[in-house]
$ cat data-v6.cif   # mmCIF, C-alpha atoms and all ligand atoms
data_work
loop_
_atom_site.label_atom_id
_atom_site.label_comp_id
_atom_site.auth_asym_id
_atom_site.auth_seq_id
_atom_site.Cartn_x
_atom_site.Cartn_y
_atom_site.Cartn_z
CA MET Q 9 -171.00 -105.08 122.17
CA GLU Q 10 -169.00 -105.51 118.95
CA SER Q 11 -165.65 -103.65 119.01
CA ALA Q 12 -165.03 -101.31 116.10
CA ARG Q 13 -162.41 -102.52 113.63
CA PRO Q 14 -159.49 -100.10 113.09
CA ALA Q 15 -159.77 -98.14 109.84
CA PRO Q 16 -157.28 -99.30 107.13
CA PRO Q 17 -154.37 -96.93 106.40
CA ALA Q 18 -155.15 -94.42 103.68
CA GLY Q 19 -154.93 -95.95 100.17
CA GLU Q 20 -155.35 -99.58 101.36
CA ALA Q 21 -158.51 -101.60 100.75
CA ALA Q 22 -160.47 -102.67 103.82
CA PRO Q 23 -159.77 -106.32 104.75
CA PRO Q 24 -162.66 -108.71 103.97
CA PRO Q 25 -165.01 -109.34 106.88
CA PRO Q 26 -164.23 -112.53 108.81
CA THR Q 27 -165.98 -115.62 107.32
CA PRO Q 28 -168.61 -116.87 109.78
CA SER Q 29 -167.80 -120.40 110.93
CA PRO Q 30 -170.43 -122.86 109.63
CA THR Q 31 -173.06 -123.83 112.17
CA PRO Q 32 -172.95 -127.57 112.81
CA LEU Q 33 -175.88 -129.41 111.22
CA GLU Q 34 -178.57 -130.61 113.56
CA ARG Q 35 -178.56 -134.42 113.68
CA CYS Q 36 -181.41 -136.86 113.76
CA ALA Q 37 -179.98 -139.68 115.90
CA THR Q 38 -181.35 -142.89 114.42
CA GLY Q 39 -181.32 -144.49 117.89
CA ILE Q 40 -179.38 -147.43 116.44
CA GLU Q 41 -176.25 -146.74 118.47
CA ALA Q 42 -173.62 -148.17 116.14
CA LEU Q 43 -175.18 -146.48 113.09
CA ASP Q 44 -175.13 -143.13 114.88
CA ALA Q 45 -171.45 -143.67 115.65
CA ILE Q 46 -170.78 -144.34 111.93
CA LEU Q 47 -172.69 -141.15 111.05
CA ALA Q 48 -170.91 -138.97 113.65
CA GLY Q 49 -174.12 -138.51 115.64
CA GLY Q 50 -176.90 -139.28 113.20
CA ILE Q 51 -178.47 -138.32 109.89
CA PRO Q 52 -178.34 -134.58 109.17
CA ARG Q 53 -181.90 -133.47 109.96
CA GLY Q 54 -184.20 -133.12 106.95
CA ASN Q 55 -182.11 -135.49 104.80
CA MET Q 56 -183.85 -138.04 102.60
CA VAL Q 57 -181.93 -141.34 102.75
CA LEU Q 58 -182.29 -144.43 100.58
CA VAL Q 59 -182.16 -147.77 102.44
CA ALA Q 60 -181.30 -150.14 99.60
CA GLY Q 61 -181.11 -153.89 99.90
CA SER Q 62 -182.13 -157.20 98.40
CA VAL Q 63 -184.87 -159.42 99.89
CA GLY Q 64 -184.68 -160.20 103.58
CA THR Q 65 -181.67 -158.00 104.33
CA GLY Q 66 -183.46 -156.14 107.15
CA LYS Q 67 -184.73 -152.99 105.39
CA THR Q 68 -188.14 -152.96 107.08
CA THR Q 69 -186.67 -153.85 110.48
CA LEU Q 70 -184.08 -151.05 110.30
CA THR Q 71 -186.60 -148.43 109.21
CA LEU Q 72 -189.13 -149.47 111.89
CA GLU Q 73 -186.46 -149.26 114.58
CA PHE Q 74 -185.56 -145.75 113.37
CA LEU Q 75 -189.20 -144.70 113.78
CA ILE Q 76 -189.77 -146.40 117.15
CA ARG Q 77 -186.57 -144.91 118.62
CA GLY Q 78 -187.66 -141.49 117.35
CA ALA Q 79 -191.21 -141.83 118.71
CA GLU Q 80 -189.72 -142.75 122.10
CA ARG Q 81 -187.80 -139.46 122.05
CA GLY Q 82 -190.93 -137.47 121.32
CA GLU Q 83 -190.42 -137.23 117.54
CA ARG Q 84 -193.67 -138.19 115.91
CA SER Q 85 -193.02 -140.84 113.26
CA LEU Q 86 -194.92 -142.05 110.19
CA PHE Q 87 -194.52 -145.35 108.32
CA LEU Q 88 -196.04 -145.34 104.83
CA SER Q 89 -196.32 -148.98 103.84
CA VAL Q 90 -196.76 -149.82 100.18
CA THR Q 91 -196.22 -153.59 100.25
CA GLU Q 92 -196.89 -155.09 103.68
CA ALA Q 93 -200.18 -154.59 105.49
CA THR Q 94 -199.62 -152.44 108.56
CA ALA Q 95 -201.55 -154.97 110.69
CA LYS Q 96 -198.84 -157.51 109.87
CA LEU Q 97 -196.07 -155.01 110.60
CA LEU Q 98 -197.60 -154.41 114.02
CA GLN Q 99 -197.36 -158.12 114.80
CA ASN Q 100 -193.68 -158.05 113.84
CA VAL Q 101 -192.73 -155.00 115.91
CA GLY Q 102 -194.13 -156.84 118.93
CA SER Q 103 -190.93 -158.93 118.87
CA PHE Q 104 -188.84 -155.83 119.69
CA GLU Q 105 -188.22 -155.56 123.43
CA PHE Q 106 -188.11 -151.77 123.15
CA PHE Q 107 -191.52 -151.42 121.47
CA ARG Q 108 -194.49 -150.20 123.54
CA THR Q 109 -198.06 -150.27 122.16
CA SER Q 110 -198.65 -146.92 123.89
CA LEU Q 111 -196.56 -145.33 121.09
CA ILE Q 112 -199.33 -146.31 118.65
CA GLU Q 113 -202.14 -145.47 121.06
CA ASP Q 114 -200.90 -141.95 121.77
CA GLY Q 115 -200.17 -141.27 118.07
CA SER Q 116 -196.37 -141.02 118.43
CA LEU Q 117 -195.98 -143.80 115.84
CA VAL Q 118 -198.40 -143.77 112.93
CA LEU Q 119 -198.56 -146.67 110.45
CA VAL Q 120 -200.47 -146.03 107.24
CA ASP Q 121 -201.20 -148.32 104.27
CA LEU Q 122 -200.41 -146.27 101.18
CA PRO Q 123 -202.79 -148.33 98.98
CA ALA Q 124 -205.61 -147.33 101.38
CA ILE Q 125 -204.72 -143.65 100.79
CA THR Q 126 -204.56 -144.00 97.01
CA SER Q 127 -207.89 -145.84 96.83
CA LYS Q 128 -209.47 -143.24 99.15
CA LEU Q 129 -208.17 -140.55 96.78
CA GLY Q 130 -209.97 -142.41 93.99
CA PHE Q 131 -206.88 -143.54 92.04
CA ASP Q 132 -208.40 -146.59 90.40
CA ARG Q 133 -205.88 -146.97 87.56
CA ASP Q 134 -202.66 -148.90 88.10
CA GLU Q 135 -200.58 -146.07 86.64
CA LEU Q 136 -200.70 -142.76 88.49
CA SER Q 137 -201.19 -139.65 86.36
CA HIS Q 138 -199.43 -136.31 86.90
CA GLU Q 139 -202.56 -135.05 88.70
CA ASP Q 140 -202.72 -138.18 90.88
CA LEU Q 141 -199.09 -137.67 91.92
CA ASP Q 142 -199.78 -134.00 92.71
CA LEU Q 143 -202.66 -135.01 94.93
CA LEU Q 144 -200.62 -137.76 96.60
CA LEU Q 145 -197.82 -135.30 97.40
CA ARG Q 146 -200.33 -132.81 98.78
CA THR Q 147 -201.83 -135.56 100.97
CA ILE Q 148 -198.38 -136.55 102.30
CA HIS Q 149 -197.60 -132.85 102.90
CA ASP Q 150 -200.86 -132.40 104.85
CA LEU Q 151 -200.23 -135.54 106.92
CA VAL Q 152 -196.66 -134.46 107.76
CA THR Q 153 -197.56 -130.89 108.66
CA SER Q 154 -200.86 -131.54 110.46
CA LEU Q 155 -199.43 -134.35 112.60
CA GLY Q 156 -196.03 -132.68 113.09
CA ILE Q 157 -194.16 -135.68 111.65
CA ARG Q 158 -190.37 -135.54 112.26
CA ARG Q 159 -189.45 -138.99 110.85
CA LEU Q 160 -190.94 -140.68 107.82
CA VAL Q 161 -190.43 -144.02 106.08
CA VAL Q 162 -191.70 -145.09 102.65
CA ASP Q 163 -191.49 -148.89 102.25
CA SER Q 164 -190.90 -149.14 99.39
CA ILE Q 165 -190.29 -146.65 96.57
CA THR Q 166 -189.72 -149.66 94.30
CA SER Q 167 -193.30 -150.86 94.78
CA LEU Q 168 -194.72 -147.34 94.47
CA GLY Q 169 -192.53 -146.89 91.38
CA TYR Q 170 -194.42 -149.67 89.57
CA ARG Q 171 -197.32 -147.20 89.47
CA ILE Q 172 -195.04 -144.37 88.21
CA PRO Q 173 -193.76 -145.86 84.96
CA ARG Q 174 -191.85 -142.89 83.49
CA ASP Q 175 -188.45 -142.16 85.00
CA GLU Q 176 -188.89 -138.38 84.76
CA GLN Q 177 -192.17 -138.65 86.70
CA LEU Q 178 -190.47 -140.71 89.40
CA ARG Q 179 -187.58 -138.21 89.54
CA ASP Q 180 -190.01 -135.29 89.84
CA PHE Q 181 -192.04 -137.08 92.52
CA LEU Q 182 -188.94 -137.78 94.63
CA LEU Q 183 -187.54 -134.27 94.20
CA ARG Q 184 -190.82 -132.74 95.34
CA LEU Q 185 -191.19 -135.21 98.20
CA GLY Q 186 -187.65 -134.31 99.32
CA GLU Q 187 -188.50 -130.59 99.23
CA ILE Q 188 -191.70 -131.08 101.24
CA LEU Q 189 -189.87 -133.11 103.89
CA ALA Q 190 -186.84 -130.80 104.08
CA GLU Q 191 -189.15 -127.82 104.56
CA ALA Q 192 -190.92 -129.66 107.39
CA ASN Q 193 -187.48 -130.59 108.85
CA CYS Q 194 -188.59 -134.21 108.61
CA THR Q 195 -185.88 -136.85 108.20
CA SER Q 196 -186.85 -139.76 105.94
CA LEU Q 197 -185.78 -143.25 104.99
CA ILE Q 198 -186.93 -144.44 101.58
CA VAL Q 199 -186.68 -148.20 101.05
CA SER Q 200 -185.35 -149.48 97.73
CA GLU Q 201 -185.62 -153.15 96.79
CA ILE Q 202 -182.70 -154.23 94.63
CA SER Q 203 -181.25 -157.39 93.19
CA PRO Q 204 -178.04 -158.58 94.86
CA THR Q 205 -175.92 -157.19 91.97
CA PRO Q 206 -173.21 -154.99 93.54
CA GLY Q 207 -173.08 -151.33 92.55
CA ARG Q 208 -176.82 -150.69 92.19
CA TYR Q 209 -178.98 -148.91 94.71
CA SER Q 210 -182.33 -148.89 92.90
CA THR Q 211 -183.92 -150.80 90.04
CA ARG Q 212 -184.53 -147.64 87.97
CA GLY Q 213 -181.28 -145.80 88.75
CA VAL Q 214 -183.28 -142.64 89.47
CA GLU Q 215 -183.51 -142.62 93.26
CA GLU Q 216 -179.81 -142.73 94.18
CA ALA Q 217 -179.01 -139.47 92.40
CA ILE Q 218 -181.74 -137.53 94.22
CA VAL Q 219 -181.44 -138.70 97.81
CA ASP Q 220 -179.05 -137.16 100.33
CA GLY Q 221 -177.79 -140.48 101.60
CA ILE Q 222 -177.60 -144.19 100.85
CA ILE Q 223 -177.46 -147.00 103.41
CA LEU Q 224 -176.81 -150.30 101.66
CA LEU Q 225 -177.83 -153.66 103.16
CA ARG Q 226 -176.56 -156.88 101.63
CA SER Q 227 -176.32 -160.58 102.25
CA THR Q 228 -172.94 -162.23 101.82
CA ARG Q 229 -171.87 -165.81 102.27
CA ARG Q 230 -168.61 -166.39 104.10
CA LEU Q 231 -167.21 -169.75 105.18
CA GLY Q 232 -170.68 -171.24 104.81
CA ASP Q 233 -172.46 -168.57 106.89
CA ILE Q 234 -174.88 -166.06 105.39
CA LEU Q 235 -174.17 -162.66 106.89
CA ARG Q 236 -176.18 -159.47 106.65
CA VAL Q 237 -173.90 -156.49 106.12
CA LEU Q 238 -174.46 -152.72 106.20
CA GLN Q 239 -172.50 -149.93 104.53
CA VAL Q 240 -173.12 -146.18 104.46
CA VAL Q 241 -172.40 -145.35 100.82
CA LYS Q 242 -173.12 -141.61 100.95
CA MET Q 243 -174.53 -139.07 103.39
CA ARG Q 244 -174.60 -135.40 102.45
CA GLY Q 245 -173.66 -133.00 105.21
CA THR Q 246 -171.45 -135.29 107.28
CA SER Q 247 -168.27 -137.30 107.20
CA HIS Q 248 -168.82 -141.00 107.79
CA SER Q 249 -167.16 -144.37 107.61
CA ARG Q 250 -167.71 -146.34 104.38
CA ALA Q 251 -166.59 -149.57 106.02
CA LEU Q 252 -168.67 -152.77 105.99
CA TYR Q 253 -170.40 -153.78 109.21
CA VAL Q 254 -172.00 -157.11 110.04
CA LEU Q 255 -175.63 -156.54 111.00
CA GLU Q 256 -177.52 -158.63 113.55
CA LEU Q 257 -181.29 -158.35 113.98
CA THR Q 258 -181.99 -158.99 117.66
CA PRO Q 259 -184.92 -158.42 120.02
CA ILE Q 260 -183.00 -155.47 121.56
CA GLY Q 261 -182.60 -153.92 118.11
CA ILE Q 262 -180.03 -153.80 115.34
CA LEU Q 263 -176.45 -154.48 116.35
CA LEU Q 264 -173.45 -153.74 114.12
CA ALA Q 265 -169.90 -155.08 114.37
CA PRO Q 266 -166.93 -154.37 112.09
CA HIS Q 267 -166.73 -156.85 109.24
CA LEU Q 268 -163.36 -158.55 109.55
CA LYS Q 269 -161.40 -158.77 106.33
CA GLY Q 270 -160.19 -162.11 104.95
CA GLY Q 271 -161.94 -165.26 103.81
CA ARG Q 272 -163.79 -165.49 100.53
CA THR Q 273 -167.13 -163.67 100.48
CA VAL Q 274 -169.81 -164.22 97.85
CA GLU Q 275 -172.82 -161.97 97.20
CA GLU Q 276 -176.13 -163.71 97.91
N1 LIG Q 301 -186.05 -158.74 115.71
C1 LIG Q 301 -185.62 -159.71 114.92
N2 LIG Q 301 -184.80 -160.66 115.39
C2 LIG Q 301 -184.33 -161.64 114.61
N3 LIG Q 301 -184.64 -161.75 113.31
C3 LIG Q 301 -185.45 -160.85 112.78
C4 LIG Q 301 -185.98 -159.78 113.55
N4 LIG Q 301 -186.73 -159.02 112.73
C5 LIG Q 301 -186.68 -159.60 111.52
N5 LIG Q 301 -185.93 -160.68 111.55
C6 LIG Q 301 -185.63 -161.58 110.41
O1 LIG Q 301 -185.08 -160.81 109.38
C7 LIG Q 301 -185.72 -161.10 108.15
C8 LIG Q 301 -185.73 -159.91 107.26
O2 LIG Q 301 -186.27 -158.79 107.90
P1 LIG Q 301 -186.98 -157.61 107.08
O3 LIG Q 301 -188.39 -157.96 106.83
O4 LIG Q 301 -186.70 -156.39 107.88
O5 LIG Q 301 -186.17 -157.58 105.70
P2 LIG Q 301 -186.54 -156.80 104.37
O6 LIG Q 301 -185.25 -156.43 103.76
O7 LIG Q 301 -187.50 -155.71 104.66
O8 LIG Q 301 -187.24 -157.93 103.52
P3 LIG Q 301 -188.19 -157.78 102.23
O9 LIG Q 301 -187.26 -157.60 101.08
O10 LIG Q 301 -188.89 -159.08 102.18
O11 LIG Q 301 -189.10 -156.63 102.45
C9 LIG Q 301 -187.08 -161.59 108.56
O12 LIG Q 301 -187.52 -162.51 107.60
C10 LIG Q 301 -186.83 -162.25 109.88
O13 LIG Q 301 -186.51 -163.60 109.70
MG MG Q 302 -189.40 -155.28 103.91
#
$ encode --input "data-v6.cif" --output "structure tokens"
Amino acid sequence: MESARPAPPAGEAAPPPPTPSPTPLERCATGIEALDAILAGGIPRGNMVLVAGSVGTGKTTLTLEFLIRGAERGERSLFLSVTEATAKLLQNVGSFEFFRTSLIEDGSLVLVDLPAITSKLGFDRDELSHEDLDLLLRTIHDLVTSLGIRRLVVDSITSLGYRIPRDEQLRDFLLRLGEILAEANCTSLIVSEISPTPGRYSTRGVEEAIVDGIILLRSTRRLGDILRVLQVVKMRGTSHSRALYVLELTPIGILLAPHLKGGRTVEE
């Protein structure tokens, strides 16, 4: 039972009620151990995070591992593929030692070709109209809520963006997608394909302002070696390291090690 607070002496204002301490945010552990350590436990649940990187930096591999690790923990996961056929992705995930086909068979991991959805919805033009985008968002909403999706990947927003030519339409689409996913408490990774120019996280400059977090993947050349590196640029709702980590893609999953300073590095 709450104890009564003593009444203030006559003439004095009552002290303000104690400020409730903030409840810690629930985390969505990515399952990539070193990344979870960087993020103090994982991505704040419901966040929409951009995974930005130039070609071959490991964007698809990282996002697939995030989904597989989630599916293993009983969090149903959905991969919306815009560029690569899901049949081909399935062949690639077979090289992960931690992948089990039963995750696909029991519906814990769902891979969907976005072009198949858009053609089923009857979008025959290259450019999507406002109504098309409304319908696409409603379809994603229905998929997420009916299947109880807790983790979602869109690979990539850059390719989908070619069909959304106006920046304000793309901004509106992403804002509404973020709202739908946050409401469903679904944590998402949105892939952004960028050129190796430092300082950019998307080709249009729209996505990075809307998302809650940015994980940047890059290739650098050092002493003749080409290294893949990862950096968490921003993540709303948590403190995190902004240091550079060397990323290794291995059959047991993504490994990260601190990037040692020194030596001349060149962007690839
Ligand atoms: N498990 C693995 N072990 C070792 N190397 C791997 C593994 N998975 C992928 N790779 C290598 O990493 C490369 C890049 O992987 P990935 O397809 O994830 O990059 P990406 O950034 O999505 O590329 P893109 O820009 O073409 O979409 C692949 O071409 C492959 O050579
Ligand atoms: Mg890819």
$ residues_around --input "data-v6.cif" --residues "Phe181 in chain Q" --least-positions-apart "2" --cutoff "12 Å" --atoms "only C-alpha atoms" --output "number ranges by chain"
Q: 136-146, 148, 165, 168-169, 171-179, 183-188, 214-215, 218-219
$ residues_near_ligand --input "data-v6.cif" --ligand "ligand MG 302 (chain Q)" --cutoff "10 Å" --atoms "all atoms listed in the file" --output "list in words"
Gly61, Ser62, Val63, Gly64, Thr65, Gly66, Lys67, Thr68, Thr69, Leu70, Thr71, Leu72, Ser89, Val90, Thr91, Glu92, Leu97, Asp163, Ser164, Val199, Ser200 and Glu201 of chain Q
$ atom_distance --input "data-v6.cif" --atom1 "CA of Val57 in chain Q" --atom2 "CA of Gly130 in chain Q"
29.4 Å
$ closest_residue --input "data-v6.cif" --among "Q:Tyr209, Q:Ala37, Q:Leu182, Q:Ser103" --to "Leu257 in chain Q" --atoms "only C-alpha atoms"
Q:Ser103
$ axis_aligned_box --input "data-v6.cif" --around "range 249-261 of chain Q" --padding-each-side "5 Å" --output "AutoDock Vina command-line options"
--center_x -175.8 --center_y -151.7 --center_z 113.0 --size_x 28.3 --size_y 24.6 --size_z 27.2
$ atom_distance --input "data-v6.cif" --atom1 "atom O8 of ligand LIG 301 (chain Q)" --atom2 "CA of Thr126 in chain Q"
23.2 Å
$ atom_distance --input "data-v6.cif" --atom1 "CA of Leu197 in chain Q" --atom2 "CA of Pro123 in chain Q"
18.7 Å
$ residues_around --input "data-v6.cif" --residues "Leu43 in chain Q" --least-positions-apart "2" --cutoff "10 Å" --atoms "all atoms listed in the file" --output "ChimeraX atom specification"
/Q:37-41,45-51,223,238-240,248-249,253,262-264
$ closest_residue --input "data-v6.cif" --among "Q:Met56, Q:Ile125, Q:Leu111, Q:Leu235" --to "ligand LIG 301 (chain Q)" --atoms "all atoms listed in the file"
Q:Leu235
$ closest_residue --input "data-v6.cif" --among "Q:Gly221, Q:Gly245, Q:Gly232, Q:Pro204" --to "ligand LIG 301 (chain Q)" --atoms "all atoms listed in the file"
Q:Pro204
$ closest_residue --input "data-v6.cif" --among "Q:Val254, Q:Val162, Q:Leu58, Q:Arg108" --to "Ser210 in chain Q" --atoms "all atoms listed in the file"
Q:Leu58
$ closest_residue --input "data-v6.cif" --among "Q:Ala192, Q:Leu129, Q:Ile198, Q:Leu225" --to "ligand LIG 301 (chain Q)" --atoms "only C-alpha atoms and all ligand atoms"
Q:Leu225
$ closest_residue --input "data-v6.cif" --among "Q:Met243, Q:Val101, Q:Leu255, Q:Ile157" --to "Leu86 in chain Q" --atoms "only C-alpha atoms"
Q:Ile157
$ residues_around --input "data-v6.cif" --residues "Arg81 in chain Q" --least-positions-apart "2" --cutoff "12 Å" --atoms "all atoms listed in the file" --output "PyMOL selection string"
chain Q and resi 36-39+74-79+83-85+111+116-117+158-159
